[in-house]
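Student: Contents of structure.cif (mmCIF, C-alpha atoms) are given next:
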```cif
data_model
#
loop_
_atom_site.group_PDB
_atom_site.id
_atom_site.type_symbol
_atom_site.label_atom_id
_atom_site.label_comp_id
_atom_site.auth_asym_id
_atom_site.auth_seq_id
_atom_site.Cartn_x
_atom_site.Cartn_y
_atom_site.Cartn_z
ATOM 1 C CA MET A 6 49.883 -53.397 -53.304
ATOM 2 C CA LYS A 7 50.152 -52.365 -56.968
ATOM 3 C CA ALA A 8 51.769 -54.935 -59.266
ATOM 4 C CA THR A 9 55.061 -53.886 -60.834
ATOM 5 C CA THR A 10 56.370 -54.951 -64.229
ATOM 6 C CA VAL A 11 59.644 -54.753 -66.103
ATOM 7 C CA TYR A 12 58.044 -51.876 -68.037
ATOM 8 C CA ASN A 13 57.988 -49.813 -64.802
ATOM 9 C CA CYS A 14 61.815 -49.842 -64.943
ATOM 10 C CA PRO A 15 62.913 -47.062 -67.312
ATOM 11 C CA VAL A 16 66.390 -46.072 -68.428
ATOM 12 C CA ILE A 17 66.616 -42.407 -67.506
ATOM 13 C CA ASP A 18 68.963 -39.707 -68.718
ATOM 14 C CA LEU A 19 70.824 -38.054 -65.860
ATOM 15 C CA PRO A 20 72.049 -34.455 -65.808
ATOM 16 C CA LYS A 21 75.370 -34.089 -67.635
ATOM 17 C CA VAL A 22 77.619 -31.033 -67.611
ATOM 18 C CA GLU A 23 80.412 -31.064 -70.178
ATOM 19 C CA ASN A 24 83.400 -28.815 -70.745
ATOM 20 C CA ARG A 25 86.990 -29.116 -71.960
ATOM 21 C CA ALA A 26 88.083 -30.438 -68.556
ATOM 22 C CA GLY A 27 85.641 -33.366 -68.699
ATOM 23 C CA SER A 28 82.112 -34.195 -67.708
ATOM 24 C CA ILE A 29 80.224 -34.443 -64.428
ATOM 25 C CA THR A 30 76.887 -36.007 -63.532
ATOM 26 C CA ALA A 31 75.253 -35.191 -60.207
ATOM 27 C CA ILE A 32 72.169 -37.117 -59.086
ATOM 28 C CA ASN A 33 69.698 -35.364 -56.825
ATOM 29 C CA ALA A 34 67.211 -37.400 -54.802
ATOM 30 C CA MET A 35 63.542 -36.595 -55.429
ATOM 31 C CA ALA A 36 64.542 -34.443 -58.423
ATOM 32 C CA ASP A 37 66.522 -36.616 -60.854
ATOM 33 C CA ILE A 38 65.221 -39.860 -59.323
ATOM 34 C CA SER A 39 61.935 -40.562 -57.556
ATOM 35 C CA PHE A 40 63.295 -41.596 -54.154
ATOM 36 C CA ASP A 41 65.538 -40.457 -51.326
ATOM 37 C CA ILE A 42 68.980 -42.072 -51.418
ATOM 38 C CA ALA A 43 69.642 -44.091 -48.269
ATOM 39 C CA ARG A 44 72.611 -46.143 -49.491
ATOM 40 C CA VAL A 45 75.238 -46.001 -52.236
ATOM 41 C CA TYR A 46 77.481 -48.892 -53.249
ATOM 42 C CA TYR A 47 79.238 -50.190 -56.329
ATOM 43 C CA LEU A 48 80.166 -53.522 -57.878
ATOM 44 C CA TYR A 49 83.598 -53.883 -59.461
ATOM 45 C CA ASP A 50 86.291 -56.467 -60.252
ATOM 46 C CA VAL A 51 83.509 -58.843 -61.317
ATOM 47 C CA PRO A 52 85.148 -61.912 -62.904
ATOM 48 C CA GLY A 53 84.324 -62.703 -66.517
ATOM 49 C CA GLY A 54 81.205 -64.846 -66.805
ATOM 50 C CA ALA A 55 80.030 -64.039 -63.262
ATOM 51 C CA THR A 56 76.477 -62.912 -62.531
ATOM 52 C CA ARG A 57 75.543 -60.556 -59.698
ATOM 53 C CA GLY A 58 72.128 -59.846 -58.241
ATOM 54 C CA GLY A 59 69.840 -62.852 -58.445
ATOM 55 C CA HIS A 60 67.218 -61.389 -56.122
ATOM 56 C CA ALA A 61 64.299 -58.999 -55.762
ATOM 57 C CA HIS A 62 63.248 -56.591 -53.000
ATOM 58 C CA TYR A 63 59.935 -56.133 -51.228
ATOM 59 C CA ARG A 64 60.379 -52.349 -50.751
ATOM 60 C CA LEU A 65 63.723 -51.159 -52.063
ATOM 61 C CA GLN A 66 64.103 -49.206 -55.313
ATOM 62 C CA GLN A 67 67.448 -48.796 -57.044
ATOM 63 C CA LEU A 68 69.139 -46.781 -59.741
ATOM 64 C CA LEU A 69 71.927 -48.689 -61.521
ATOM 65 C CA VAL A 70 74.546 -46.727 -63.461
ATOM 66 C CA ALA A 71 77.480 -48.013 -65.523
ATOM 67 C CA ALA A 72 80.020 -45.693 -63.888
ATOM 68 C CA SER A 73 82.708 -47.332 -66.037
ATOM 69 C CA GLY A 74 82.534 -49.932 -68.783
ATOM 70 C CA SER A 75 79.331 -51.829 -69.422
ATOM 71 C CA PHE A 76 77.059 -54.636 -68.231
ATOM 72 C CA GLU A 77 73.588 -56.046 -68.853
ATOM 73 C CA VAL A 78 70.693 -56.197 -66.416
ATOM 74 C CA VAL A 79 68.097 -58.949 -66.840
ATOM 75 C CA LEU A 80 64.756 -57.912 -65.333
ATOM 76 C CA ASP A 81 61.957 -60.382 -64.555
ATOM 77 C CA ASP A 82 58.488 -59.535 -63.224
ATOM 78 C CA GLY A 83 57.193 -63.114 -63.137
ATOM 79 C CA VAL A 84 55.561 -62.796 -66.565
ATOM 80 C CA ASN A 85 57.889 -60.688 -68.720
ATOM 81 C CA LYS A 86 61.670 -60.598 -69.010
ATOM 82 C CA ARG A 87 63.638 -57.658 -70.330
ATOM 83 C CA LYS A 88 67.376 -57.201 -70.867
ATOM 84 C CA VAL A 89 68.884 -53.713 -70.540
ATOM 85 C CA PHE A 90 72.423 -52.844 -71.684
ATOM 86 C CA LEU A 91 74.082 -50.027 -69.712
ATOM 87 C CA ASN A 92 77.287 -48.382 -70.931
ATOM 88 C CA ARG A 93 76.911 -44.624 -70.362
ATOM 89 C CA PRO A 94 77.662 -42.955 -67.008
ATOM 90 C CA TYR A 95 74.942 -40.354 -67.629
ATOM 91 C CA GLN A 96 72.152 -42.938 -67.897
ATOM 92 C CA GLY A 97 70.646 -45.073 -65.161
ATOM 93 C CA LEU A 98 68.219 -47.966 -64.928
ATOM 94 C CA LEU A 99 65.523 -47.369 -62.342
ATOM 95 C CA ILE A 100 64.459 -50.696 -60.805
ATOM 96 C CA THR A 101 61.271 -50.585 -58.810
ATOM 97 C CA ARG A 102 60.244 -52.928 -55.989
ATOM 98 C CA MET A 103 59.315 -56.584 -56.645
ATOM 99 C CA ILE A 104 61.420 -56.968 -59.795
ATOM 100 C CA TRP A 105 63.914 -59.827 -60.018
ATOM 101 C CA ARG A 106 67.286 -58.655 -61.330
ATOM 102 C CA GLU A 107 70.492 -60.288 -62.477
ATOM 103 C CA ILE A 108 73.534 -58.321 -63.625
ATOM 104 C CA GLU A 109 75.784 -60.035 -66.140
ATOM 105 C CA ASN A 110 78.308 -59.609 -68.953
ATOM 106 C CA PHE A 111 80.488 -57.051 -67.174
ATOM 107 C CA SER A 112 83.127 -55.562 -69.437
ATOM 108 C CA SER A 113 86.718 -55.470 -68.245
ATOM 109 C CA GLY A 114 86.891 -52.649 -65.703
ATOM 110 C CA GLY A 115 83.104 -52.421 -65.514
ATOM 111 C CA ILE A 116 81.714 -50.629 -62.453
ATOM 112 C CA CYS A 117 78.025 -50.755 -61.489
ATOM 113 C CA LEU A 118 77.099 -47.822 -59.243
ATOM 114 C CA VAL A 119 73.932 -48.448 -57.210
ATOM 115 C CA LEU A 120 71.814 -45.807 -55.478
ATOM 116 C CA ALA A 121 69.281 -47.440 -53.156
ATOM 117 C CA SER A 122 66.145 -46.123 -51.487
ATOM 118 C CA GLU A 123 66.692 -48.126 -48.277
ATOM 119 C CA LYS A 124 69.576 -49.057 -46.006
ATOM 120 C CA TYR A 125 70.672 -52.680 -46.170
ATOM 121 C CA ASP A 126 68.008 -54.937 -44.673
ATOM 122 C CA PRO A 127 68.354 -58.700 -45.225
ATOM 123 C CA GLU A 128 64.593 -59.087 -44.553
ATOM 124 C CA ASP A 129 63.843 -57.002 -47.680
ATOM 125 C CA TYR A 130 65.537 -59.518 -50.011
ATOM 126 C CA ILE A 131 63.761 -62.265 -51.932
ATOM 127 C CA ARG A 132 66.571 -64.635 -52.891
ATOM 128 C CA ASP A 133 64.492 -67.627 -54.026
ATOM 129 C CA LEU A 134 63.156 -67.317 -57.578
ATOM 130 C CA ASN A 135 60.281 -69.747 -56.986
ATOM 131 C CA LEU A 136 59.171 -67.774 -53.915
ATOM 132 C CA PHE A 137 59.369 -64.585 -56.002
ATOM 133 C CA TYR A 138 57.113 -66.113 -58.671
ATOM 134 C CA THR A 139 54.651 -67.249 -55.993
ATOM 135 C CA LEU A 140 54.540 -63.758 -54.473
ATOM 136 C CA LYS A 141 54.105 -62.106 -57.875
ATOM 137 C CA ASN A 142 51.265 -64.470 -58.823
ATOM 138 C CA SER A 143 49.419 -63.601 -55.595
ATOM 139 C CA GLN A 144 49.412 -59.836 -56.368
#
```
Using structure tokens, write down the structure that the file contains.
Tutor:
Amino acid sequence: MKATTVYNCPVIDLPKVENRAGSITAINAMADISFDIARVYYLYDVPGGATRGGHAHYRLQQLLVAASGSFEVVLDDGVNKRKVFLNRPYQGLLITRMIWREIENFSSGGICLVLASEKYDPEDYIRDLNLFYTLKNSQ
């Protein structure tokens, strides 16, 4: 299995159509992002100072979008860490498999929209950071 790094997690510009009535962004699987969308969910009403995430996935890929407000995503590949600030609804952070992520510093009213490549599967989660580091070091 190919090793993944935080540098395999780009911020991508999404299609944006603007006019006097407002803007719209539509995301097409396998065109605008590199995977089929199996699940969509969003995080909201996150209390100040709270952190979400705190896990990695064996298979799942995700696109995170700041649908409203802003937040930061801390990525960790076992060697490198990278912090990404999201605050534009027409940009998304593509997180590949086997990358630890934590989402923090939500602004008031911040909404994190998540498009996922897999349906929810608790067996796909790595929730222990030490186990994650062990798995990454064995790649």
Student: Can you work out which one of A:Val79, A:Ala61, A:Val22, A:Leu140 has the shortest atom-to-atom distance to Leu91 in chain A, counting only C-alpha atoms?
Tutor: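 Of all the options, A:Val79 lies closest to Leu91 in chain A.
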Student: When you count all atoms listed in the file, which of these residues is closest to Ser143 in chain A: A:His60, A:Glu109, A:Gly83, A:Val16?
Tutor: A:Gly83
Student: Using only C-alpha atoms, can you tell me which of A:Val70, A:Leu48, A:Ser122, A:Ala55 comes closest to Met35 in chain A?
Tutor: A:Ser122
Student: Go through A:Ala71, A:Cys14, A:Val84, A:Ile104 one by one, measure the shortest atom-to-atom distance of each to Asn142 in chain A using only C-alpha atoms, and give the residue with the smallest value.
Tutor: A:Val84
Student: As an exercise, work out the distance from CA of Gly54 in chain A to CA of Gly97 in chain A in Å and give it to one decimal place.
Tutor: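 Spanning CA of Gly54 in chain A to CA of Gly97 in chain A is a straight-line distance of 22.5 Å.
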Student: Would you mind listing what lies within 10 Å of Pro94 in chain A as an MDAnalysis selection string, with all atoms listed in the file counted and same-chain residues fewer than 3 positions away left out?
Tutor: chainID A and resid 18:19 21 28:30 69:75 91 97 116:118
Student: Of the candidates A:Arg93, A:Lys88, A:Arg44, A:Arg132, which shows the shortest atom-to-atom distance to Gln67 in chain A, using all atoms listed in the file?
Tutor: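 Looking at the shortest contact to Gln67 in chain A, the residue is A:Arg44.
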Student: Would you compute the distance between CA of Val51 in chain A and CA of Asn110 in chain A? Give it in Å to one decimal.
Tutor: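 We find that CA of Val51 in chain A and CA of Asn110 in chain A lie 9.3 Å from each other.
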Student: Apply the PyMOL selection byres ((chain A and resi 39) around 12) to the displayed file and report the matching residues as a ChimeraX atom specification.
Tutor: /A:14-15,17,32-38,40-42,66-68,99-101,120-122
Student: What does the PyMOL selection byres ((chain A and resi 89) around 6) select in this file, as a PyMOL selection string?
Tutor: chain A and resi 77-78+88+90
Student: Rounded to one decimal in Å, what is the spacing between CA of Tyr138 in chain A and CA of Leu80 in chain A?
Tutor: 13.0 Å
Student: Please evaluate the PyMOL selection byres ((chain A and resi 59) around 6) against the displayed coordinates and give the resulting residues as a list in words.
Tutor: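 Written out, the selection comes to Gly58, His60, Arg106 and Glu107 of chain A.
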Student: Could you give me, as a list in words, the residues within 10 Å of Pro52 in chain A, counting all atoms listed in the file and dropping anything in the same chain fewer than 5 positions from it?
Tutor: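 So, after excluding close chain neighbours, the residues are Asn110, Phe111, Ser112, Ser113 and Gly114 of chain A.
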Student: Enclose the full set of atoms of range 100-108 of chain A listed in the file within a box whose edges lie along x, y and z, apply 5 Å of padding to each of the six sides, and report centre and edge lengths in Å to one decimal as AutoDock Vina command-line options.
Tutor:
```
--center_x 66.4 --center_y -55.4 --center_z -59.8 --size_x 24.2 --size_y 19.7 --size_z 17.6
```
Student: Quick one: of A:Arg87, A:Arg25, A:His62, A:Arg102, who's nearest to Leu134 in chain A, counting all atoms listed in the file?
Tutor: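 Among A:Arg87, A:Arg25, A:His62, A:Arg102, it is A:His62 that comes nearest to Leu134 in chain A.
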